Amino acid sequence: MISFMLLSLFSGLSAQENDIKAQILSYKDSDYNFINKGRRLLIDNLQASRIEEAINVKNALLNEFDGNVSEVFYNIEYIHLLYWTGEFGELLNYLRQVDFEQSVSNNVRFSSQTDNFSKAVYAHTIENKDILEIDIKNGELDDMERDFLLLLLNEIVSSSSQNDQGNLSHIDKINEQADQFLANHPGSPYEKLVREQIRFVVKDSHWGSYMDFGLATVLYQGDLSRQFNPGVGVDLLFEYRHRQLMGMFGAGVLSSTLRQDFQIKNTTWKKGSGATLGSVYLNAGFLVFENHKWSIYPYAGVGFTGYEAVENDTKEDENLKKLGLNSFFTQLGVGIDLKIKSFFIDNLSPYRSSTDSRISLRYSYRKPHFERKDPLLSGSQHLITLSWGLGGRGKERDL
């Protein structure tokens, strides 16, 4: 009795294992094999000019996955394929709703590594451009559809150029054709695709920034000119731009000498002594003119400045350590930039985001308001700054 029960148990387990084994063997690993063999058969039919058979294979592959192209082809493969089979109506319908961001299935990804499908359909489009143009022109299409398919075909073929100069030439040519299509067919259902996938025009972005290092000179007017000689120094500037508005934050150090003795802090700051003028400032500006070569902008701002005696003099006379010659100031100015492509940027790539260097000349009129009330401190300052800067506006797609 026990032997019979064990025999029945093992027989049941064996039958169950055979059933599972049959399921495994019949399971379509199938999806991959089906797609891989179907793609191979499809390209064989195409290369043998059996177009009707190729169309039937293509349809069978798509029907297996409810028409989901990404389960069988990359979108660019499907576009090339429909050019080859001459199914321009189907191609136009597909392009009206294609999502170029949609990923393909793993089956397509793995199969494409060995089935040579992509290379074959791409090569056919490139090598048979003239024939495809004739087929499109003779097809039952309206003017808009015909113009669009010819534009797309030209873009595909032209983009095969391998050198930078050729790429730039093809971009310019295709952009011109795309603009013509958009002008001739406003509101076309293909307008979004033309703007986002075919036409490639870039423009400066609204945002930009520069960092400048400059050499500056200061000239005095009024009583300040009787107290201080003209000075020279350095200036560091950080500048941000948005559209035509500008924000400028800077700091500078200038060195001058005294024209005459200056009575201060119960001591005499002697004629000929060195004086260091430090300042920080914040400006707002407006670009009255800007192109790829030049910028011109007036600006206005406020800042804080102060004079210090040089170290050698403060060692001799400690009363000179804290002069208290500090002031807030207002300023008005104007700047002009000459933009220069930075030497490490590829000048053959104007369509890529790039960085500009610039040479800037700025004039600022400053009116200080010293805490110390002294006739010798009345007057104004004229600053002229020549600087080199690195930065610029980024690039963005002009849609």
# chains A, B, ... in the order shown; residues from 1 in each chain; ligands from 1
call {"tool": "residues_around", "arguments": {"residues": "Gln244 (chain A)", "least_positions_apart": "4", "cutoff": "8 Å", "atoms": "only C-alpha atoms", "output": "MDAnalysis selection string"}}
result
chainID A and resid 286:288
call {"tool": "residues_around", "arguments": {"residues": "region 98-105 of chain A", "least_positions_apart": "4", "cutoff": "9 Å", "atoms": "only C-alpha atoms", "output": "ChimeraX atom specification"}}
result
/A:69-76,93-94,109-110
call {"tool": "write_last_selection", "arguments": {"atoms": "all heavy atoms", "output": "mmCIF file, in the first residue's frame"}}
result
data_model
loop_
_atom_site.group_PDB
_atom_site.id
_atom_site.type_symbol
_atom_site.label_atom_id
_atom_site.label_comp_id
_atom_site.auth_asym_id
_atom_site.auth_seq_id
_atom_site.Cartn_x
_atom_site.Cartn_y
_atom_site.Cartn_z
ATOM 1 N N VAL A 69 5.454 50.320 -32.336
ATOM 2 C CA VAL A 69 6.704 50.341 -33.115
ATOM 3 C C VAL A 69 7.917 50.105 -32.241
ATOM 4 O O VAL A 69 8.867 49.411 -32.632
ATOM 5 C CB VAL A 69 6.833 51.689 -33.869
ATOM 6 C CG1 VAL A 69 8.192 51.798 -34.554
ATOM 7 C CG2 VAL A 69 5.720 51.834 -34.892
ATOM 8 N N SER A 70 7.934 50.658 -31.030
ATOM 9 C CA SER A 70 9.110 50.551 -30.166
ATOM 10 C C SER A 70 9.371 49.122 -29.704
ATOM 11 O O SER A 70 10.444 48.831 -29.179
ATOM 12 C CB SER A 70 8.958 51.467 -28.946
ATOM 13 O OG SER A 70 7.862 51.061 -28.154
ATOM 14 N N GLU A 71 8.403 48.202 -29.898
ATOM 15 C CA GLU A 71 8.618 46.798 -29.568
ATOM 16 C C GLU A 71 9.352 46.068 -30.687
ATOM 17 O O GLU A 71 9.820 44.936 -30.498
ATOM 18 C CB GLU A 71 7.283 46.104 -29.299
ATOM 19 C CG GLU A 71 6.565 46.561 -28.047
ATOM 20 C CD GLU A 71 7.236 46.085 -26.771
ATOM 21 O OE1 GLU A 71 8.042 45.127 -26.862
ATOM 22 O OE2 GLU A 71 6.970 46.653 -25.705
ATOM 23 N N VAL A 72 9.464 46.712 -31.851
ATOM 24 C CA VAL A 72 10.034 46.033 -33.021
ATOM 25 C C VAL A 72 11.197 46.812 -33.640
ATOM 26 O O VAL A 72 12.168 46.215 -34.121
ATOM 27 C CB VAL A 72 8.949 45.803 -34.097
ATOM 28 C CG1 VAL A 72 9.500 45.004 -35.267
ATOM 29 C CG2 VAL A 72 7.727 45.108 -33.498
ATOM 30 N N PHE A 73 11.108 48.152 -33.627
ATOM 31 C CA PHE A 73 12.114 48.984 -34.293
ATOM 32 C C PHE A 73 12.475 50.194 -33.429
ATOM 33 O O PHE A 73 11.659 50.658 -32.625
ATOM 34 C CB PHE A 73 11.588 49.519 -35.641
ATOM 35 C CG PHE A 73 11.065 48.482 -36.584
ATOM 36 C CD1 PHE A 73 9.696 48.358 -36.815
ATOM 37 C CD2 PHE A 73 11.943 47.637 -37.257
ATOM 38 C CE1 PHE A 73 9.206 47.403 -37.697
ATOM 39 C CE2 PHE A 73 11.453 46.686 -38.150
ATOM 40 C CZ PHE A 73 10.079 46.565 -38.358
ATOM 41 N N TYR A 74 13.670 50.700 -33.657
ATOM 42 C CA TYR A 74 13.970 52.067 -33.246
ATOM 43 C C TYR A 74 13.180 53.005 -34.157
ATOM 44 O O TYR A 74 12.934 52.684 -35.320
ATOM 45 C CB TYR A 74 15.465 52.360 -33.393
ATOM 46 C CG TYR A 74 16.342 51.788 -32.301
ATOM 47 C CD1 TYR A 74 16.985 50.565 -32.477
ATOM 48 C CD2 TYR A 74 16.523 52.470 -31.103
ATOM 49 C CE1 TYR A 74 17.790 50.031 -31.484
ATOM 50 C CE2 TYR A 74 17.336 51.944 -30.097
ATOM 51 C CZ TYR A 74 17.963 50.728 -30.290
ATOM 52 O OH TYR A 74 18.748 50.206 -29.296
ATOM 53 N N ASN A 75 12.805 54.174 -33.633
ATOM 54 C CA ASN A 75 11.981 55.065 -34.465
ATOM 55 C C ASN A 75 12.700 55.486 -35.740
ATOM 56 O O ASN A 75 12.074 55.593 -36.797
ATOM 57 C CB ASN A 75 11.488 56.283 -33.672
ATOM 58 C CG ASN A 75 12.593 57.000 -32.942
ATOM 59 O OD1 ASN A 75 13.639 57.274 -33.501
ATOM 60 N ND2 ASN A 75 12.354 57.313 -31.677
ATOM 61 N N ILE A 76 14.009 55.706 -35.679
ATOM 62 C CA ILE A 76 14.733 56.119 -36.879
ATOM 63 C C ILE A 76 14.824 54.957 -37.867
ATOM 64 O O ILE A 76 14.797 55.157 -39.091
ATOM 65 C CB ILE A 76 16.140 56.664 -36.543
ATOM 66 C CG1 ILE A 76 16.749 57.343 -37.766
ATOM 67 C CG2 ILE A 76 17.035 55.582 -35.983
ATOM 68 C CD1 ILE A 76 15.968 58.532 -38.272
ATOM 69 N N ASN A 93 1.732 59.504 -41.084
ATOM 70 C CA ASN A 93 0.907 59.258 -39.899
ATOM 71 C C ASN A 93 1.773 58.996 -38.670
ATOM 72 O O ASN A 93 1.475 59.470 -37.570
ATOM 73 C CB ASN A 93 -0.022 58.059 -40.140
ATOM 74 C CG ASN A 93 -1.136 58.380 -41.122
ATOM 75 O OD1 ASN A 93 -1.544 59.531 -41.258
ATOM 76 N ND2 ASN A 93 -1.619 57.361 -41.823
ATOM 77 N N TYR A 94 2.838 58.229 -38.874
ATOM 78 C CA TYR A 94 3.741 57.928 -37.764
ATOM 79 C C TYR A 94 4.429 59.193 -37.258
ATOM 80 O O TYR A 94 4.535 59.413 -36.036
ATOM 81 C CB TYR A 94 4.778 56.906 -38.218
ATOM 82 C CG TYR A 94 5.817 56.586 -37.168
ATOM 83 C CD1 TYR A 94 5.470 55.902 -36.008
ATOM 84 C CD2 TYR A 94 7.149 56.976 -37.335
ATOM 85 C CE1 TYR A 94 6.422 55.616 -35.037
ATOM 86 C CE2 TYR A 94 8.099 56.689 -36.382
ATOM 87 C CZ TYR A 94 7.728 56.008 -35.229
ATOM 88 O OH TYR A 94 8.673 55.734 -34.271
ATOM 89 N N ARG A 109 16.733 46.206 -28.625
ATOM 90 C CA ARG A 109 18.083 46.667 -28.291
ATOM 91 C C ARG A 109 19.109 45.563 -28.525
ATOM 92 O O ARG A 109 20.188 45.796 -29.099
ATOM 93 C CB ARG A 109 18.101 47.149 -26.839
ATOM 94 C CG ARG A 109 19.394 47.859 -26.440
ATOM 95 C CD ARG A 109 19.315 48.394 -25.019
ATOM 96 N NE ARG A 109 18.297 49.434 -24.907
ATOM 97 C CZ ARG A 109 17.167 49.306 -24.239
ATOM 98 N NH1 ARG A 109 16.888 48.168 -23.617
ATOM 99 N NH2 ARG A 109 16.299 50.293 -24.173
ATOM 100 N N PHE A 110 18.795 44.366 -28.070
ATOM 101 C CA PHE A 110 19.745 43.258 -28.224
ATOM 102 C C PHE A 110 19.817 42.775 -29.672
ATOM 103 O O PHE A 110 20.899 42.489 -30.178
ATOM 104 C CB PHE A 110 19.353 42.104 -27.308
ATOM 105 C CG PHE A 110 19.479 42.434 -25.846
ATOM 106 C CD1 PHE A 110 18.528 41.994 -24.945
ATOM 107 C CD2 PHE A 110 20.527 43.206 -25.376
ATOM 108 C CE1 PHE A 110 18.622 42.306 -23.594
ATOM 109 C CE2 PHE A 110 20.634 43.531 -24.036
ATOM 110 C CZ PHE A 110 19.679 43.083 -23.135
#
call {"tool": "residues_around", "arguments": {"residues": "region 292-294 of chain A", "least_positions_apart": "6", "cutoff": "6 Å", "atoms": "only C-alpha atoms", "output": "list of chain:residue names"}}
result
A:Asp337, A:Leu338, A:Lys339
call {"tool": "write_last_selection", "arguments": {"atoms": "C-alpha atoms", "output": "PDB file, in the first residue's frame"}}
result
ATOM      1  CA  ASP A 337      32.955  95.503 -24.492  1.00  0.00           C
ATOM      2  CA  LEU A 338      34.754  93.904 -27.394  1.00  0.00           C
ATOM      3  CA  LYS A 339      33.889  90.193 -27.342  1.00  0.00           C
TER       4      LYS A 339
END
call {"tool": "residues_around", "arguments": {"residues": "region 49-57 of chain A", "least_positions_apart": "2", "cutoff": "12 Å", "atoms": "only C-alpha atoms", "output": "short mmCIF file (atom, residue, chain, number, x, y, z; two decimals) with N, CA, C and O atoms, in the first residue's frame"}}
result
data_model
loop_
_atom_site.label_atom_id
_atom_site.label_comp_id
_atom_site.auth_asym_id
_atom_site.auth_seq_id
_atom_site.Cartn_x
_atom_site.Cartn_y
_atom_site.Cartn_z
N PHE A 34 11.44 35.82 -32.16
CA PHE A 34 10.47 36.27 -33.17
C PHE A 34 10.91 37.60 -33.78
O PHE A 34 10.90 37.77 -35.01
N ILE A 35 11.32 38.53 -32.92
CA ILE A 35 11.75 39.85 -33.40
C ILE A 35 13.05 39.74 -34.17
O ILE A 35 13.21 40.30 -35.26
N LYS A 37 14.45 37.13 -35.72
CA LYS A 37 14.30 36.45 -37.01
C LYS A 37 13.46 37.29 -37.97
O LYS A 37 13.72 37.32 -39.18
N GLY A 38 12.43 37.97 -37.43
CA GLY A 38 11.60 38.80 -38.28
C GLY A 38 12.38 39.96 -38.87
O GLY A 38 12.22 40.28 -40.06
N ARG A 39 13.21 40.60 -38.07
CA ARG A 39 14.02 41.72 -38.58
C ARG A 39 15.01 41.23 -39.64
O ARG A 39 15.25 41.91 -40.64
N ARG A 40 15.58 40.06 -39.42
CA ARG A 40 16.53 39.52 -40.39
C ARG A 40 15.82 39.16 -41.70
O ARG A 40 16.33 39.43 -42.80
N LEU A 41 14.64 38.54 -41.59
CA LEU A 41 13.88 38.19 -42.79
C LEU A 41 13.45 39.45 -43.53
O LEU A 41 13.49 39.51 -44.77
N LEU A 42 13.07 40.47 -42.78
CA LEU A 42 12.64 41.73 -43.38
C LEU A 42 13.75 42.36 -44.19
O LEU A 42 13.55 42.77 -45.34
N ILE A 43 14.94 42.43 -43.65
CA ILE A 43 16.03 43.07 -44.37
C ILE A 43 16.47 42.22 -45.57
O ILE A 43 16.85 42.76 -46.62
N ASP A 44 16.38 40.90 -45.44
CA ASP A 44 16.70 40.03 -46.59
C ASP A 44 15.73 40.30 -47.74
O ASP A 44 16.15 40.38 -48.90
N ASN A 45 14.46 40.41 -47.44
CA ASN A 45 13.46 40.69 -48.49
C ASN A 45 13.70 42.06 -49.12
O ASN A 45 13.58 42.23 -50.34
N LEU A 46 14.03 43.04 -48.31
CA LEU A 46 14.28 44.38 -48.84
C LEU A 46 15.48 44.38 -49.77
O LEU A 46 15.44 44.95 -50.87
N GLN A 47 16.56 43.75 -49.34
CA GLN A 47 17.77 43.74 -50.16
C GLN A 47 17.60 42.90 -51.42
O GLN A 47 18.33 43.12 -52.39
N ASN A 59 4.44 44.19 -41.26
CA ASN A 59 3.10 44.26 -40.68
C ASN A 59 2.87 43.14 -39.67
O ASN A 59 2.23 43.35 -38.62
N ALA A 60 3.37 41.95 -39.97
CA ALA A 60 3.21 40.82 -39.05
C ALA A 60 3.95 41.09 -37.74
O ALA A 60 3.44 40.77 -36.65
N LEU A 61 5.13 41.64 -37.84
CA LEU A 61 5.89 41.98 -36.63
C LEU A 61 5.14 43.00 -35.78
O LEU A 61 5.02 42.84 -34.56
N LEU A 62 4.61 44.03 -36.41
CA LEU A 62 3.89 45.07 -35.66
C LEU A 62 2.58 44.53 -35.10
O LEU A 62 2.21 44.86 -33.95
N ASN A 63 1.87 43.71 -35.87
CA ASN A 63 0.60 43.16 -35.39
C ASN A 63 0.79 42.31 -34.15
O ASN A 63 -0.09 42.23 -33.29
N GLU A 64 1.94 41.63 -34.07
CA GLU A 64 2.21 40.80 -32.91
C GLU A 64 2.26 41.63 -31.63
O GLU A 64 2.00 41.11 -30.53
N VAL A 72 9.46 46.71 -31.85
CA VAL A 72 10.03 46.03 -33.02
C VAL A 72 11.20 46.81 -33.64
O VAL A 72 12.17 46.21 -34.12
N TYR A 78 12.47 52.75 -38.27
CA TYR A 78 11.14 52.67 -38.87
C TYR A 78 10.96 53.74 -39.94
O TYR A 78 10.36 53.50 -40.99
N LEU A 81 12.88 52.62 -42.92
CA LEU A 81 12.18 51.49 -43.51
C LEU A 81 11.00 51.93 -44.38
O LEU A 81 10.83 51.44 -45.51
N LEU A 82 10.22 52.88 -43.89
CA LEU A 82 9.05 53.33 -44.64
C LEU A 82 9.45 54.15 -45.87
O LEU A 82 8.73 54.15 -46.88
N TYR A 83 10.59 54.84 -45.81
CA TYR A 83 11.12 55.46 -47.03
C TYR A 83 11.43 54.38 -48.06
O TYR A 83 11.14 54.51 -49.25
N TRP A 84 12.04 53.28 -47.59
CA TRP A 84 12.46 52.21 -48.49
C TRP A 84 11.25 51.54 -49.13
O TRP A 84 11.21 51.29 -50.33
N THR A 85 10.23 51.24 -48.32
CA THR A 85 9.06 50.54 -48.85
C THR A 85 8.12 51.47 -49.60
O THR A 85 7.15 51.01 -50.23
N GLY A 86 8.36 52.79 -49.53
CA GLY A 86 7.52 53.74 -50.23
C GLY A 86 6.16 53.94 -49.59
O GLY A 86 5.24 54.46 -50.25
N GLU A 87 6.00 53.59 -48.32
CA GLU A 87 4.73 53.77 -47.62
C GLU A 87 4.67 55.16 -47.00
O GLU A 87 4.75 55.34 -45.79
N GLU A 90 1.81 56.02 -44.45
CA GLU A 90 2.07 55.46 -43.12
C GLU A 90 3.18 56.24 -42.42
O GLU A 90 3.12 56.47 -41.21
N HIS A 124 20.60 52.45 -47.28
CA HIS A 124 19.71 52.54 -48.44
C HIS A 124 19.20 53.97 -48.63
O HIS A 124 19.15 54.46 -49.76
#
call {"tool": "residues_around", "arguments": {"residues": "His242 (chain A)", "least_positions_apart": "2", "cutoff": "9 Å", "atoms": "only C-alpha atoms", "output": "compact mmCIF listing (two decimals) with all heavy atoms, in the first residue's frame"}}
result
# COMPACT_ATOMS: atom_id res chain seq x y z
N SER A 205 21.30 82.82 -24.73
CA SER A 205 20.30 82.69 -23.68
C SER A 205 20.09 84.05 -23.01
O SER A 205 20.87 84.99 -23.19
CB SER A 205 20.73 81.66 -22.65
OG SER A 205 21.87 82.12 -21.93
N HIS A 206 19.03 84.14 -22.24
CA HIS A 206 18.74 85.40 -21.55
C HIS A 206 19.78 85.69 -20.45
O HIS A 206 20.06 86.84 -20.14
CB HIS A 206 17.35 85.36 -20.93
CG HIS A 206 16.24 85.29 -21.94
ND1 HIS A 206 16.25 86.00 -23.12
CD2 HIS A 206 15.09 84.56 -21.97
CE1 HIS A 206 15.16 85.74 -23.81
NE2 HIS A 206 14.45 84.87 -23.14
N TRP A 207 20.34 84.63 -19.87
CA TRP A 207 21.27 84.79 -18.75
C TRP A 207 22.72 84.76 -19.22
O TRP A 207 23.06 84.02 -20.14
CB TRP A 207 21.06 83.70 -17.72
CG TRP A 207 19.77 83.84 -16.97
CD1 TRP A 207 18.59 83.21 -17.24
CD2 TRP A 207 19.52 84.67 -15.84
NE1 TRP A 207 17.63 83.58 -16.34
CE2 TRP A 207 18.16 84.49 -15.47
CE3 TRP A 207 20.29 85.56 -15.11
CZ2 TRP A 207 17.58 85.16 -14.40
CZ3 TRP A 207 19.73 86.22 -14.04
CH2 TRP A 207 18.39 86.03 -13.68
N GLY A 208 23.55 85.54 -18.57
CA GLY A 208 24.98 85.53 -18.86
C GLY A 208 25.75 86.08 -17.68
O GLY A 208 25.19 86.72 -16.78
N SER A 209 27.03 85.84 -17.67
CA SER A 209 27.87 86.35 -16.59
C SER A 209 29.31 86.51 -17.06
O SER A 209 29.73 85.86 -18.02
CB SER A 209 27.83 85.41 -15.37
OG SER A 209 28.36 84.14 -15.70
N TYR A 240 26.54 90.01 -13.88
CA TYR A 240 25.46 89.12 -14.32
C TYR A 240 24.54 89.88 -15.27
O TYR A 240 24.28 91.07 -15.07
CB TYR A 240 24.66 88.60 -13.12
CG TYR A 240 25.46 87.68 -12.25
CD1 TYR A 240 26.21 88.17 -11.18
CD2 TYR A 240 25.50 86.31 -12.51
CE1 TYR A 240 26.97 87.33 -10.40
CE2 TYR A 240 26.25 85.46 -11.73
CZ TYR A 240 26.99 85.96 -10.67
OH TYR A 240 27.75 85.12 -9.89
N GLN A 244 18.43 92.55 -21.07
CA GLN A 244 19.21 93.78 -21.20
C GLN A 244 19.63 94.37 -19.86
O GLN A 244 20.30 95.40 -19.82
CB GLN A 244 18.40 94.82 -21.98
CG GLN A 244 18.19 94.45 -23.45
CD GLN A 244 17.32 95.46 -24.17
OE1 GLN A 244 16.09 95.41 -24.07
NE2 GLN A 244 17.93 96.38 -24.88
N LEU A 245 19.24 93.73 -18.78
CA LEU A 245 19.58 94.23 -17.45
C LEU A 245 20.91 93.65 -16.99
O LEU A 245 21.25 92.52 -17.30
CB LEU A 245 18.48 93.90 -16.46
CG LEU A 245 17.10 94.49 -16.75
CD1 LEU A 245 16.11 94.04 -15.69
CD2 LEU A 245 17.16 96.02 -16.79
N MET A 246 21.62 94.44 -16.19
CA MET A 246 22.92 94.02 -15.70
C MET A 246 23.04 94.30 -14.21
O MET A 246 22.51 95.30 -13.71
CB MET A 246 24.05 94.78 -16.43
CG MET A 246 24.03 94.66 -17.93
SD MET A 246 25.19 95.84 -18.68
CE MET A 246 26.72 95.32 -17.94
N GLY A 247 23.75 93.44 -13.53
CA GLY A 247 24.14 93.67 -12.14
C GLY A 247 25.64 93.52 -12.04
O GLY A 247 26.21 92.55 -12.57
call {"tool": "residues_around", "arguments": {"residues": "region 132-148 of chain A", "least_positions_apart": "4", "cutoff": "12 Å", "atoms": "only C-alpha atoms", "output": "ChimeraX atom specification"}}
result
/A:80-93,95-96,124-128,152-155,157,174,177-191,193-194,198
call {"tool": "select_by_dssp", "arguments": {"residues": "region 106-342 of chain A", "states": "strand (DSSP E)", "output": "count of residues only"}}
result
99
call {"tool": "select_by_dssp", "arguments": {"residues": "region 89-174 of chain A", "states": "helix (DSSP H, G or I)", "output": "ChimeraX atom specification"}}
result
/A:89-97,106-111,117-127,129-138,143-158,164-174
call {"tool": "residues_around", "arguments": {"residues": "Thr268 (chain A)", "least_positions_apart": "3", "cutoff": "10 Å", "atoms": "only C-alpha atoms", "output": "NGL selection string"}}
result
:A and (261-265 or 271 or 317 or 319-320)
call {"tool": "atom_distance", "arguments": {"atom1": "CA of Ala48 (chain A)", "atom2": "CA of Val121 (chain A)"}}
result
13.0 Å
call {"tool": "closest_residue", "arguments": {"among": "A:Leu150, A:Ile131, A:Thr305, A:Tyr32", "to": "Val108 (chain A)", "atoms": "only C-alpha atoms"}}
result
A:Tyr32
